[in-house]
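Data block for structure-v1.cif (mmCIF, C-alpha atoms):
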data_coords
loop_
_atom_site.label_atom_id
_atom_site.label_comp_id
_atom_site.auth_asym_id
_atom_site.auth_seq_id
_atom_site.Cartn_x
_atom_site.Cartn_y
_atom_site.Cartn_z
CA MET A 1 -24.14 16.46 -7.70
CA VAL A 2 -22.69 19.35 -5.74
CA LEU A 3 -20.94 18.83 -2.43
CA ALA A 4 -20.25 21.55 0.07
CA VAL A 5 -17.75 20.99 2.83
CA SER A 6 -17.39 23.23 5.83
CA SER A 7 -15.41 22.75 9.00
CA CYS A 8 -14.54 19.07 9.63
CA ARG A 9 -17.77 17.18 9.29
CA THR A 10 -18.59 13.78 7.85
CA TYR A 11 -20.88 13.48 4.82
CA TYR A 12 -22.55 10.32 3.53
CA LEU A 13 -23.82 10.25 -0.03
CA SER A 14 -26.80 8.08 -0.77
CA ARG A 15 -25.53 6.91 -4.12
CA PRO A 16 -22.32 4.92 -4.92
CA PRO A 17 -19.91 2.36 -3.36
CA ARG A 18 -16.72 0.83 -2.60
CA LEU A 19 -14.88 4.10 -2.92
CA GLY A 20 -13.70 6.25 -0.05
CA PHE A 21 -11.35 9.13 0.47
CA ILE A 22 -10.45 11.74 3.02
CA VAL A 23 -9.57 15.30 2.14
CA ARG A 24 -8.01 18.09 4.10
CA PRO A 25 -9.38 21.58 3.39
CA PRO A 26 -12.43 22.05 1.12
CA HIS A 27 -10.38 23.14 -1.90
CA GLN A 28 -8.81 19.68 -2.01
CA LEU A 29 -12.16 17.92 -2.36
CA LEU A 30 -12.00 15.52 -5.31
CA SER A 31 -15.46 16.57 -6.44
CA PHE A 32 -14.67 15.64 -10.02
CA LEU A 33 -15.06 12.01 -8.97
CA LEU A 34 -18.76 12.53 -8.41
CA CYS A 35 -19.48 12.86 -12.10
CA PRO A 36 -22.85 11.94 -13.65
CA GLY A 37 -23.23 8.24 -14.28
CA LEU A 38 -20.62 7.17 -11.75
CA GLN A 39 -22.19 4.40 -9.74
CA ILE A 40 -20.24 3.75 -6.60
CA PRO A 41 -22.49 3.36 -3.32
CA ARG A 42 -21.63 4.92 -0.24
CA LEU A 43 -18.87 7.41 -0.52
CA SER A 44 -17.61 8.84 2.74
CA VAL A 45 -15.84 12.18 2.63
CA LEU A 46 -14.04 13.37 5.75
CA CYS A 47 -12.05 16.46 6.54
CA ALA A 48 -8.83 15.49 8.26
CA GLN A 49 -6.80 17.59 10.66
CA PRO A 50 -5.29 20.56 8.80
CA ARG A 51 -1.59 21.04 8.34
CA PRO A 52 0.22 23.68 10.39
CA ARG A 53 -0.43 27.09 8.84
CA ALA A 54 3.25 27.66 8.07
CA MET A 55 3.34 24.50 5.98
CA ALA A 56 0.16 25.01 3.99
CA ILE A 57 0.61 24.49 0.25
CA SER A 58 -0.81 27.15 -2.06
CA SER A 59 -0.70 25.20 -5.32
CA SER A 60 -3.96 23.79 -6.62
CA SER A 61 -4.65 20.16 -5.76
CA TRP A 62 -5.73 19.62 -9.37
CA GLU A 63 -2.05 19.70 -10.36
CA LEU A 64 -1.12 16.84 -8.02
CA PRO A 65 -0.89 13.19 -9.15
CA LEU A 66 -3.65 10.83 -8.00
CA VAL A 67 -3.06 7.32 -6.63
CA ALA A 68 -5.59 4.53 -6.05
CA VAL A 69 -5.29 2.03 -3.20
CA CYS A 70 -7.15 -1.22 -3.81
CA GLN A 71 -8.61 -3.47 -1.11
CA VAL A 72 -9.57 -7.06 -1.94
CA THR A 73 -10.43 -10.42 -0.38
CA SER A 74 -8.21 -12.95 -2.14
CA THR A 75 -9.10 -16.65 -2.16
CA PRO A 76 -7.31 -19.72 -3.59
CA ASP A 77 -9.05 -18.99 -6.95
CA LYS A 78 -6.45 -17.06 -8.96
CA GLN A 79 -8.68 -16.20 -11.90
CA GLU A 80 -11.48 -14.83 -9.73
CA ASN A 81 -8.91 -12.80 -7.82
CA PHE A 82 -7.59 -11.38 -11.08
CA LYS A 83 -11.10 -10.40 -12.21
CA THR A 84 -11.66 -8.53 -8.95
CA CYS A 85 -8.31 -6.75 -9.11
CA ALA A 86 -8.72 -5.90 -12.80
CA GLU A 87 -12.13 -4.33 -12.11
CA LEU A 88 -10.63 -2.09 -9.43
CA VAL A 89 -7.63 -1.16 -11.59
CA ARG A 90 -9.91 -0.20 -14.48
CA GLU A 91 -12.03 1.86 -12.11
CA ALA A 92 -8.90 3.58 -10.83
CA ALA A 93 -7.87 4.41 -14.40
CA ARG A 94 -11.34 5.83 -15.17
CA LEU A 95 -11.07 8.07 -12.12
CA GLY A 96 -7.76 9.49 -13.28
CA ALA A 97 -5.20 7.66 -11.11
CA CYS A 98 -1.73 7.25 -12.57
CA LEU A 99 -0.71 4.46 -10.16
CA ALA A 100 -2.79 1.74 -8.50
CA PHE A 101 -1.61 -0.23 -5.46
CA LEU A 102 -2.70 -3.84 -4.86
CA PRO A 103 -2.19 -5.65 -1.53
CA GLU A 104 0.05 -8.49 -0.50
CA ALA A 105 -1.17 -11.84 -1.88
CA PHE A 106 -3.27 -10.11 -4.54
CA ASP A 107 -2.75 -13.27 -6.62
CA PHE A 108 -4.18 -15.73 -4.05
CA ILE A 109 -4.35 -16.73 -0.40
CA ALA A 110 -4.06 -20.49 -0.02
CA ARG A 111 -5.29 -22.76 2.78
CA ASP A 112 -1.88 -24.21 3.66
CA PRO A 113 1.80 -24.12 2.62
CA ALA A 114 1.40 -27.04 0.20
CA GLU A 115 -1.36 -25.23 -1.71
CA THR A 116 0.70 -22.03 -1.66
CA LEU A 117 3.60 -23.79 -3.35
CA ARG A 118 1.33 -25.52 -5.87
CA LEU A 119 -0.38 -22.27 -6.95
CA SER A 120 2.83 -20.20 -7.17
CA GLU A 121 4.28 -19.10 -10.51
CA PRO A 122 7.50 -17.55 -11.86
CA LEU A 123 7.55 -13.88 -12.79
CA GLY A 124 7.37 -14.91 -16.41
CA GLY A 125 4.21 -16.96 -15.87
CA ASN A 126 0.67 -16.49 -17.16
CA LEU A 127 -0.70 -14.48 -14.23
CA LEU A 128 1.89 -11.74 -14.27
CA GLY A 129 1.45 -11.64 -18.03
CA GLU A 130 -2.21 -10.76 -17.48
CA TYR A 131 -1.24 -7.90 -15.18
CA THR A 132 1.32 -6.69 -17.71
CA GLN A 133 -1.45 -6.52 -20.31
CA LEU A 134 -3.77 -4.80 -17.80
CA ALA A 135 -1.20 -2.06 -17.09
CA ARG A 136 -0.82 -1.43 -20.84
CA GLU A 137 -4.57 -1.48 -21.41
CA CYS A 138 -5.27 1.01 -18.61
CA GLY A 139 -2.15 3.13 -19.15
CA LEU A 140 -1.21 3.29 -15.47
CA TRP A 141 1.50 1.97 -13.19
CA LEU A 142 0.76 -1.00 -10.93
CA SER A 143 2.23 -1.88 -7.55
CA LEU A 144 1.61 -5.61 -7.21
CA GLY A 145 2.11 -5.93 -3.51
CA GLY A 146 3.12 -9.50 -2.88
CA PHE A 147 3.34 -12.08 -5.67
CA HIS A 148 4.02 -15.72 -4.75
CA GLU A 149 7.12 -16.07 -6.92
CA ARG A 150 8.92 -19.23 -7.96
CA GLY A 151 12.46 -17.88 -8.22
CA GLN A 152 15.38 -19.17 -10.19
CA ASP A 153 16.28 -21.41 -7.24
CA TRP A 154 12.86 -23.12 -7.17
CA GLU A 155 14.17 -26.49 -8.32
CA GLN A 156 16.76 -26.57 -5.54
CA THR A 157 14.74 -25.08 -2.67
CA GLN A 158 11.11 -25.92 -3.46
CA LYS A 159 10.30 -22.63 -1.74
CA ILE A 160 9.11 -19.28 -3.07
CA TYR A 161 9.63 -15.54 -2.56
CA ASN A 162 7.04 -12.99 -1.48
CA CYS A 163 7.76 -10.54 -4.29
CA HIS A 164 6.57 -6.94 -4.63
CA VAL A 165 6.48 -6.18 -8.38
CA LEU A 166 6.28 -2.66 -9.83
CA LEU A 167 5.01 -2.33 -13.41
CA ASP A 168 5.06 0.86 -15.47
CA ASN A 169 2.22 1.99 -17.73
CA LYS A 170 3.67 -0.01 -20.62
CA GLY A 171 3.59 -3.22 -18.60
CA SER A 172 7.35 -3.45 -18.09
CA VAL A 173 8.74 -4.71 -14.77
CA VAL A 174 10.51 -1.66 -13.32
CA ALA A 175 11.47 -3.12 -9.94
CA THR A 176 11.08 -6.19 -7.75
CA TYR A 177 11.52 -6.44 -3.99
CA ARG A 178 11.50 -9.78 -2.19
CA LYS A 179 10.21 -9.56 1.36
CA THR A 180 13.12 -9.57 3.77
CA HIS A 181 11.28 -10.01 7.09
CA LEU A 182 9.15 -13.16 7.19
CA CYS A 183 6.17 -13.33 9.52
CA ASP A 184 6.78 -16.27 11.88
CA VAL A 185 4.59 -15.39 14.87
CA GLU A 186 2.05 -16.87 17.26
CA ILE A 187 -0.61 -14.36 18.32
CA PRO A 188 -3.25 -15.62 20.79
CA GLY A 189 -6.66 -15.49 19.15
CA GLN A 190 -5.23 -15.13 15.64
CA GLY A 191 -3.58 -18.50 15.11
CA PRO A 192 0.06 -19.28 14.28
CA MET A 193 1.70 -17.87 11.15
CA CYS A 194 4.92 -19.38 9.83
CA GLU A 195 5.71 -17.77 6.50
CA SER A 196 9.12 -19.42 6.38
CA ASN A 197 7.45 -22.81 5.89
CA SER A 198 7.03 -21.94 2.22
CA THR A 199 8.99 -18.72 1.69
CA ILE A 200 12.64 -17.63 1.51
CA PRO A 201 13.56 -14.16 2.81
CA GLY A 202 14.80 -11.74 0.19
CA PRO A 203 18.53 -10.95 0.19
CA SER A 204 18.42 -7.15 -0.09
CA LEU A 205 16.44 -3.93 -0.22
CA GLU A 206 15.47 -2.31 -3.52
CA SER A 207 16.56 1.26 -4.18
CA PRO A 208 13.66 3.75 -4.36
CA VAL A 209 12.10 3.87 -7.82
CA SER A 210 11.16 7.03 -9.74
CA THR A 211 7.47 6.99 -10.74
CA PRO A 212 4.93 9.60 -11.91
CA VAL A 213 3.98 10.21 -8.25
CA GLY A 214 7.48 10.34 -6.74
CA LYS A 215 10.25 8.03 -5.59
CA ILE A 216 8.73 4.88 -4.12
CA GLY A 217 10.36 2.62 -1.56
CA LEU A 218 9.11 -0.97 -1.73
CA ALA A 219 8.28 -3.06 1.34
CA ILE A 220 5.67 -5.69 2.31
CA CYS A 221 3.41 -6.05 5.37
CA TYR A 222 5.51 -7.38 8.30
CA ASP A 223 8.36 -5.12 7.12
CA MET A 224 6.50 -2.18 8.67
CA ARG A 225 7.52 -3.42 12.14
CA PHE A 226 11.17 -2.68 11.32
CA PRO A 227 11.82 1.07 11.25
CA GLU A 228 15.40 0.44 10.15
CA LEU A 229 14.06 -0.58 6.74
CA SER A 230 11.89 2.50 6.30
CA LEU A 231 14.68 4.81 7.45
CA ALA A 232 17.10 3.16 5.01
CA LEU A 233 14.66 3.73 2.15
CA ALA A 234 14.07 7.35 3.17
CA GLN A 235 17.81 7.98 3.39
CA ALA A 236 18.14 6.49 -0.10
CA GLY A 237 15.67 9.07 -1.44
CA ALA A 238 12.19 7.58 -0.98
CA GLU A 239 9.29 10.04 -0.83
CA ILE A 240 6.59 7.37 -0.65
CA LEU A 241 6.75 4.08 1.27
CA THR A 242 4.49 1.16 0.37
CA TYR A 243 3.31 -1.55 2.74
CA PRO A 244 0.95 -3.87 0.84
CA SER A 245 -0.41 -6.18 3.52
CA ALA A 246 -2.61 -8.99 4.76
CA PHE A 247 -2.81 -7.99 8.42
CA GLY A 248 -4.52 -10.25 10.94
CA SER A 249 -7.77 -9.58 12.76
CA VAL A 250 -6.08 -9.30 16.19
CA THR A 251 -2.94 -7.32 15.35
CA GLY A 252 -4.87 -5.12 12.90
CA PRO A 253 -7.01 -3.12 15.36
CA ALA A 254 -4.07 -2.80 17.77
CA HIS A 255 -1.13 -2.01 15.48
CA TRP A 256 -2.08 -1.34 11.84
CA GLU A 257 -2.78 2.40 11.79
CA VAL A 258 -0.32 3.15 14.60
CA LEU A 259 2.59 1.55 12.74
CA LEU A 260 1.73 3.16 9.40
CA ARG A 261 1.46 6.62 10.92
CA ALA A 262 4.71 6.10 12.82
CA ARG A 263 6.56 5.09 9.66
CA ALA A 264 5.22 8.19 7.88
CA ILE A 265 6.17 10.58 10.69
CA GLU A 266 9.67 9.24 11.32
CA THR A 267 10.62 9.15 7.62
CA GLN A 268 8.62 12.23 6.53
CA CYS A 269 7.27 10.19 3.63
CA TYR A 270 3.82 9.39 2.35
CA VAL A 271 2.84 5.85 3.31
CA VAL A 272 0.55 3.83 1.04
CA ALA A 273 -0.87 0.61 2.46
CA ALA A 274 -3.15 -1.55 0.31
CA ALA A 275 -4.67 -4.32 2.42
CA GLN A 276 -6.48 -7.62 2.25
CA CYS A 277 -9.86 -7.66 4.00
CA GLY A 278 -12.53 -10.11 5.13
CA ARG A 279 -12.57 -13.92 5.17
CA HIS A 280 -10.45 -15.64 2.52
CA HIS A 281 -11.48 -19.17 3.47
CA GLU A 282 -12.27 -21.16 6.59
CA LYS A 283 -8.71 -20.79 7.95
CA ARG A 284 -7.93 -17.13 7.48
CA ALA A 285 -9.31 -13.59 7.61
CA SER A 286 -7.70 -10.14 7.22
CA TYR A 287 -8.25 -6.77 8.83
CA GLY A 288 -8.53 -4.43 5.82
CA HIS A 289 -8.51 -0.65 6.44
CA SER A 290 -6.32 0.23 3.45
CA MET A 291 -5.08 3.79 3.78
CA VAL A 292 -2.74 6.58 2.74
CA VAL A 293 -0.89 8.58 5.40
CA ASP A 294 0.84 11.88 4.68
CA PRO A 295 4.28 12.86 6.09
CA TRP A 296 2.63 14.72 8.98
CA GLY A 297 1.01 11.45 10.09
CA THR A 298 -2.51 12.32 8.94
CA VAL A 299 -4.62 9.60 7.36
CA VAL A 300 -5.63 11.31 4.12
CA ALA A 301 -7.45 8.38 2.51
CA ARG A 302 -9.05 5.22 3.86
CA CYS A 303 -11.04 2.39 2.30
CA PRO A 304 -14.49 1.61 3.68
CA GLU A 305 -15.34 -1.94 4.72
CA GLY A 306 -15.12 -4.66 2.07
CA PRO A 307 -13.43 -4.77 -1.35
CA GLY A 308 -13.03 -1.38 -3.02
CA LEU A 309 -10.60 1.45 -3.42
CA CYS A 310 -9.65 4.84 -2.03
CA LEU A 311 -7.93 7.77 -3.70
CA ALA A 312 -5.33 10.30 -2.61
CA ARG A 313 -3.25 13.05 -4.17
CA ILE A 314 0.50 13.01 -3.55
CA ASP A 315 2.01 16.42 -2.78
CA LEU A 316 5.79 16.25 -3.03
CA ARG A 317 6.13 19.98 -2.36
CA TYR A 318 4.63 19.30 1.04
CA VAL A 319 7.18 16.53 1.64
CA ARG A 320 10.05 18.89 0.83
CA GLN A 321 8.60 21.72 2.88
CA LEU A 322 8.02 19.55 5.93
CA ARG A 323 11.57 18.19 5.76
CA GLN A 324 12.87 21.74 5.59
CA HIS A 325 10.87 22.88 8.61
CA LEU A 326 11.58 19.73 10.65
CA PRO A 327 15.04 18.50 9.53
CA VAL A 328 15.21 15.35 11.65
CA PHE A 329 17.53 13.52 9.26
CA GLU A 330 20.12 16.23 9.78
CA HIS A 331 19.86 15.76 13.54
CA ARG A 332 20.39 12.00 13.67
CA ARG A 333 23.30 10.57 15.68
CA PRO A 334 24.40 7.34 13.96
CA ASP A 335 27.55 7.48 16.08
CA LEU A 336 25.31 6.67 19.07
CA TYR A 337 22.84 4.15 17.66
CA GLY A 338 24.15 2.99 14.32
CA SER A 339 23.88 -0.69 15.24
CA LEU A 340 20.16 -0.79 16.04
CA GLY A 341 19.54 -3.47 13.44
CA ARG A 342 21.42 -6.09 15.44
CA PRO A 343 19.56 -8.69 17.56
CA ARG A 344 19.25 -8.00 21.27
CA SER A 345 22.09 -9.41 23.36
#

Structure translated into structure tokens:
Amino acid sequence: MVLAVSSCRTYYLSRPPRLGFIVRPPHQLLSFLLCPGLQIPRLSVLCAQPRPRAMAISSSSWELPLVAVCQVTSTPDKQENFKTCAELVREAARLGACLAFLPEAFDFIARDPAETLRLSEPLGGNLLGEYTQLARECGLWLSLGGFHERGQDWEQTQKIYNCHVLLDNKGSVVATYRKTHLCDVEIPGQGPMCESNSTIPGPSLESPVSTPVGKIGLAICYDMRFPELSLALAQAGAEILTYPSAFGSVTGPAHWEVLLRARAIETQCYVVAAAQCGRHHEKRASYGHSMVVDPWGTVVARCPEGPGLCLARIDLRYVRQLRQHLPVFEHRRPDLYGSLGRPRS
């Protein structure tokens, strides 16, 4: 199948599926994905707003690493959730991705705090062992966006951590980040959320981690509302920020894309946000709209509705060039606003 792209039009292909991506100019079209025998049902290809001419990158997009962002609808059934995630990870590997991102609560979404605690496991448990084997089998890195972890203090606290686990392509745990900002909110029309009923906030940030696609800063969902965290990761060397999420159906349409684009623009990083979507059970639903945002604030990849994945290439030369042309970190005045992380008086 041959695809021609001109101007900034939208194309819908009659064949294939749960795969979507957005590309900038025509030369960046990932046409190799449309290979014979690939059955994926409606693939939407969009042309996003171009970069400023002075910051255009001349290198071929074929040289750039490819990431896959997975979107799922987790339920309380851990084994069914694993089957769904494993199918998407294997598809990502077949399409040439070197790193696949899974959303917060990829392992399960329970009906209540008691079920959450009952289904949780330690990092050395059976479920993470299956993902370790999956990473080795597929030969790619995995960002496991929010694992319900029984920590070493489980016996004393009877509470868990919301743990972002990064595995390399050999299945080794390279980094763990425990969510520092817990979502205790009451949104009209969305129902109350009190994460602290079952979860302990993490004690610290994790330094950005070197991966085949660049230095990744780890965060989780509600963390995106705190720009201090993203700025701290960027100042520590992050080139890519990750916000695996399970955003609500009310806050999602209002805040999801706006916050992700803001975090990308202010840090001059790529932002990768794998999301939960759809109805998990009778008590909870999630917004979806997994996406990748470039440092200019352009959405360069977006999942269609329902479980599936989207793909994006990460261009670190563009990150460096943008930071050179727009050196906002050199212009900051910490002497004026260095205490922004403190509560309001």

Which residues are close to stretch 313-322 of chain A, i.e. within 7 Å by only C-alpha atoms, leaving aside same-chain residues fewer than 5 positions away? Reply as an mmCIF file with C-alpha atoms, keeping the file's coordinate frame.
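Dumped to part39.cif:
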data_model
loop_
_atom_site.group_PDB
_atom_site.id
_atom_site.type_symbol
_atom_site.label_atom_id
_atom_site.label_comp_id
_atom_site.auth_asym_id
_atom_site.auth_seq_id
_atom_site.Cartn_x
_atom_site.Cartn_y
_atom_site.Cartn_z
ATOM 1 C CA MET A 55 3.340 24.500 5.980
ATOM 2 C CA ILE A 57 0.610 24.490 0.250
ATOM 3 C CA LEU A 64 -1.120 16.840 -8.020
ATOM 4 C CA PRO A 65 -0.890 13.190 -9.150
ATOM 5 C CA LEU A 66 -3.650 10.830 -8.000
ATOM 6 C CA VAL A 67 -3.060 7.320 -6.630
ATOM 7 C CA VAL A 213 3.980 10.210 -8.250
ATOM 8 C CA GLN A 268 8.620 12.230 6.530
ATOM 9 C CA CYS A 269 7.270 10.190 3.630
ATOM 10 C CA PRO A 295 4.280 12.860 6.090
#

Find the residues near stretch 117-121 of chain A: any atom within 10 Å, counting only C-alpha atoms, skip ones fewer than 3 places away on the same chain, and give them as a list in words.
Pro76, Asp77, Lys78, Asp107, Phe108, Ile109, Ala110, Asp112, Pro113, Ala114, Gly124, Gly125, Asn126, Leu127, Leu128, Phe147, His148, Glu149, Arg150, Gly151, Gln158, Lys159, Ile160, Tyr161, Ser198 and Thr199 of chain A

Name every residue that the PyMOL selection byres ((chain A and resi 176) around 9) selects in this structure, writing the answer as a PyMOL selection string with chains first and numbers rising.
chain A and resi 163-166+173-175+177-178+206+218

Using the chain letters and numbers from this file, what does the PyMOL selection byres ((chain A and resi 231) around 12) select? Give the answer as number ranges by chain.
A: 205, 208, 217, 219, 223-230, 232-241, 262-269, 328-329, 332, 334, 338, 340-341

Between atom CA of A:Pro212 and atom CA of A:Phe82, what is the distance, to one decimal in Å?
24.4 Å

Coordinates-based distance that separates atom CA of A:Glu130 from atom CA of A:Tyr287 (Å, one decimal):
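Going from atom CA of A:Tyr287 over to atom CA of A:Glu130, I get 27.3 Å.
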
Select, from A:Gly139, A:Pro192, A:Gly308, A:Gly214, the residue with the minimum atom-to-atom distance to A:Ser172, counting all atoms listed in the file.
A:Gly139

Nearest residue to A:Arg90 from the set A:Asp294, A:Leu134, A:Leu102, A:Ser196 (distances using only C-alpha atoms)
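The answer is A:Leu134, which sits nearest to A:Arg90.
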
Could you tell me how far atom CA of A:Ala135 sits from atom CA of A:Cys70, in Å to one decimal place?
14.6 Å

If the PyMOL selection byres ((chain A and resi 310) around 8) is run on the structure shown, which residues does it catch, given as a PDB file with C-alpha atoms, in the frame of the given file?
ATOM      1  CA  LEU A  19     -14.880   4.100  -2.920  1.00  0.00           C
ATOM      2  CA  GLY A  20     -13.700   6.250  -0.050  1.00  0.00           C
ATOM      3  CA  PHE A  21     -11.350   9.130   0.470  1.00  0.00           C
ATOM      4  CA  ALA A  68      -5.590   4.530  -6.050  1.00  0.00           C
ATOM      5  CA  VAL A  69      -5.290   2.030  -3.200  1.00  0.00           C
ATOM      6  CA  CYS A  70      -7.150  -1.220  -3.810  1.00  0.00           C
ATOM      7  CA  SER A 290      -6.320   0.230   3.450  1.00  0.00           C
ATOM      8  CA  MET A 291      -5.080   3.790   3.780  1.00  0.00           C
ATOM      9  CA  ALA A 301      -7.450   8.380   2.510  1.00  0.00           C
ATOM     10  CA  ARG A 302      -9.050   5.220   3.860  1.00  0.00           C
ATOM     11  CA  CYS A 303     -11.040   2.390   2.300  1.00  0.00           C
ATOM     12  CA  GLY A 308     -13.030  -1.380  -3.020  1.00  0.00           C
ATOM     13  CA  LEU A 309     -10.600   1.450  -3.420  1.00  0.00           C
ATOM     14  CA  LEU A 311      -7.930   7.770  -3.700  1.00  0.00           C
ATOM     15  CA  ALA A 312      -5.330  10.300  -2.610  1.00  0.00           C
TER      16      ALA A 312
END

Could you list as a ChimeraX atom specification every residue that has an atom within 12 Å of (-9.1, 3.1, 7.8), using the file's coordinates and counting all atoms listed in the file?
/A:20-22,44,46,69,71,252-253,256-258,260-261,272-275,277,287-293,298-306,309-310

Using only C-alpha atoms: which of A:Gly171, A:Gly96, A:Gly297, A:Pro244 has the shortest distance to A:Thr132
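Among the listed residues, A:Gly171 lies closest to A:Thr132.
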
If you count only C-alpha atoms, the residue of A:Ala93, A:Leu99, A:Ala105, A:Ala86 closest to A:Gln133 turns out to be A:Ala86

Under the rule that all atoms listed in the file are counted, which of A:Ser249, A:Thr211, A:Asn197, A:Gln79 is the nearest residue to A:Ala100?
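Of all the options, A:Thr211 lies closest to A:Ala100.
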
Best match for closeness to A:Ser245 among A:Asp335, A:Thr73, A:Arg136, A:Gly146, counting all atoms listed in the file:
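Among the listed residues, A:Gly146 lies closest to A:Ser245.
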
Supply stretch 197-211 of chain A as a short mmCIF file (atom, residue, chain, number, x, y, z; two decimals), in the frame of the given file, with N, CA and C atoms built in where the input has gaps.
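Below is the file part.cif, written as the result:
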data_model
loop_
_atom_site.label_atom_id
_atom_site.label_comp_id
_atom_site.auth_asym_id
_atom_site.auth_seq_id
_atom_site.Cartn_x
_atom_site.Cartn_y
_atom_site.Cartn_z
N ASN A 197 7.73 -21.44 6.32
CA ASN A 197 7.45 -22.81 5.89
C ASN A 197 7.47 -22.95 4.37
N SER A 198 7.10 -21.86 3.69
CA SER A 198 7.03 -21.94 2.22
C SER A 198 7.85 -20.86 1.52
N THR A 199 8.41 -19.92 2.30
CA THR A 199 8.99 -18.72 1.69
C THR A 199 10.43 -18.50 2.16
N ILE A 200 11.25 -17.98 1.24
CA ILE A 200 12.64 -17.63 1.51
C ILE A 200 12.71 -16.11 1.68
N PRO A 201 13.42 -15.61 2.68
CA PRO A 201 13.56 -14.16 2.81
C PRO A 201 14.40 -13.58 1.68
N GLY A 202 14.03 -12.41 1.23
CA GLY A 202 14.80 -11.74 0.19
C GLY A 202 16.17 -11.34 0.69
N PRO A 203 17.15 -11.21 -0.22
CA PRO A 203 18.53 -10.95 0.19
C PRO A 203 18.87 -9.49 0.39
N SER A 204 18.01 -8.56 -0.11
CA SER A 204 18.42 -7.15 -0.09
C SER A 204 17.21 -6.24 -0.25
N LEU A 205 17.44 -4.95 0.04
CA LEU A 205 16.44 -3.93 -0.22
C LEU A 205 16.55 -3.47 -1.67
N GLU A 206 15.47 -2.86 -2.17
CA GLU A 206 15.47 -2.31 -3.52
C GLU A 206 15.57 -0.79 -3.41
N SER A 207 16.44 -0.20 -4.19
CA SER A 207 16.56 1.26 -4.18
C SER A 207 15.24 1.91 -4.57
N PRO A 208 14.89 3.07 -3.99
CA PRO A 208 13.66 3.75 -4.36
C PRO A 208 13.56 3.97 -5.87
N VAL A 209 12.35 3.85 -6.39
CA VAL A 209 12.10 3.87 -7.82
C VAL A 209 11.36 5.14 -8.21
N SER A 210 11.84 5.84 -9.24
CA SER A 210 11.16 7.03 -9.74
C SER A 210 9.89 6.64 -10.49
N THR A 211 8.77 7.24 -10.12
CA THR A 211 7.47 6.99 -10.74
C THR A 211 6.78 8.33 -11.00
#
